[in-house]
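**Q** Could you have a look at this structure, given as structure tokens, before my questions?
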Amino acid sequence: MKKRRFLHHIFSPKSIKIRALTFTWVLFFSWFWTGDPMKSAGLSLSVLIGSILIQGFFEWLYDN
């Protein structure tokens, strides 16, 4: 049950919209600053995965 709530927080519609915007933001601006699309994509992916885990954990923690 706890695992299900954790996953619910990660994949809620609100979270997905926020992450899509954040991913696009990081991708665009890191590409602008570095000039390297591969580096920008890697950074954007790491920010995306990190934010998924962090938000899911804290929302799950505050629900308990």
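By order of appearance in the structure tokens: chains A, B, ..., then residues from 1 within every chain, and ligands from 1 in the order shown.
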Compile a residue-level contact table for range 27-64 of chain A against range 13-23 of chain A at a cut-off of 10 Å, reporting for every qualifying residue the shortest atom pair and its distance in Å to one decimal, with only C-alpha atoms counted, rows ordered by chain and ascending number, as JSON lines.
**A**
```
{"residue": "A:Leu27", "atom": "CA", "partner": "A:Phe23", "partner_atom": "CA", "distance": 6.0}
{"residue": "A:Phe28", "atom": "CA", "partner": "A:Phe23", "partner_atom": "CA", "distance": 8.5}
{"residue": "A:Ala41", "atom": "CA", "partner": "A:Phe23", "partner_atom": "CA", "distance": 9.0}
{"residue": "A:Leu43", "atom": "CA", "partner": "A:Phe23", "partner_atom": "CA", "distance": 9.2}
{"residue": "A:Ser44", "atom": "CA", "partner": "A:Phe23", "partner_atom": "CA", "distance": 5.5}
{"residue": "A:Leu45", "atom": "CA", "partner": "A:Phe23", "partner_atom": "CA", "distance": 7.3}
{"residue": "A:Ser46", "atom": "CA", "partner": "A:Phe23", "partner_atom": "CA", "distance": 9.5}
{"residue": "A:Val47", "atom": "CA", "partner": "A:Phe23", "partner_atom": "CA", "distance": 7.4}
{"residue": "A:Leu48", "atom": "CA", "partner": "A:Phe23", "partner_atom": "CA", "distance": 6.1}
{"residue": "A:Ile49", "atom": "CA", "partner": "A:Arg19", "partner_atom": "CA", "distance": 9.4}
{"residue": "A:Ser51", "atom": "CA", "partner": "A:Arg19", "partner_atom": "CA", "distance": 7.7}
{"residue": "A:Ile52", "atom": "CA", "partner": "A:Arg19", "partner_atom": "CA", "distance": 7.9}
{"residue": "A:Gln55", "atom": "CA", "partner": "A:Ser15", "partner_atom": "CA", "distance": 8.6}
{"residue": "A:Gly56", "atom": "CA", "partner": "A:Ser15", "partner_atom": "CA", "distance": 9.4}
```
**Q** With only C-alpha atoms as the basis for distance, which of A:Phe58, A:Trp25, A:Pro37, A:Leu53 is at the shortest distance from Phe11 in chain A?
**A**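 Ranked by minimum distance to Phe11 in chain A, first place goes to A:Leu53.
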**Q** Between A:Ser40, A:Leu7, A:Phe57, A:Tyr62, which one has atoms that come closest to Thr24 in chain A, using only C-alpha atoms?
**A**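 Closest candidate: A:Ser40.
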**Q** To one decimal in Å, tell me the separation between CA of Ile10 in chain A and CA of Lys39 in chain A.
**A** 25.2 Å
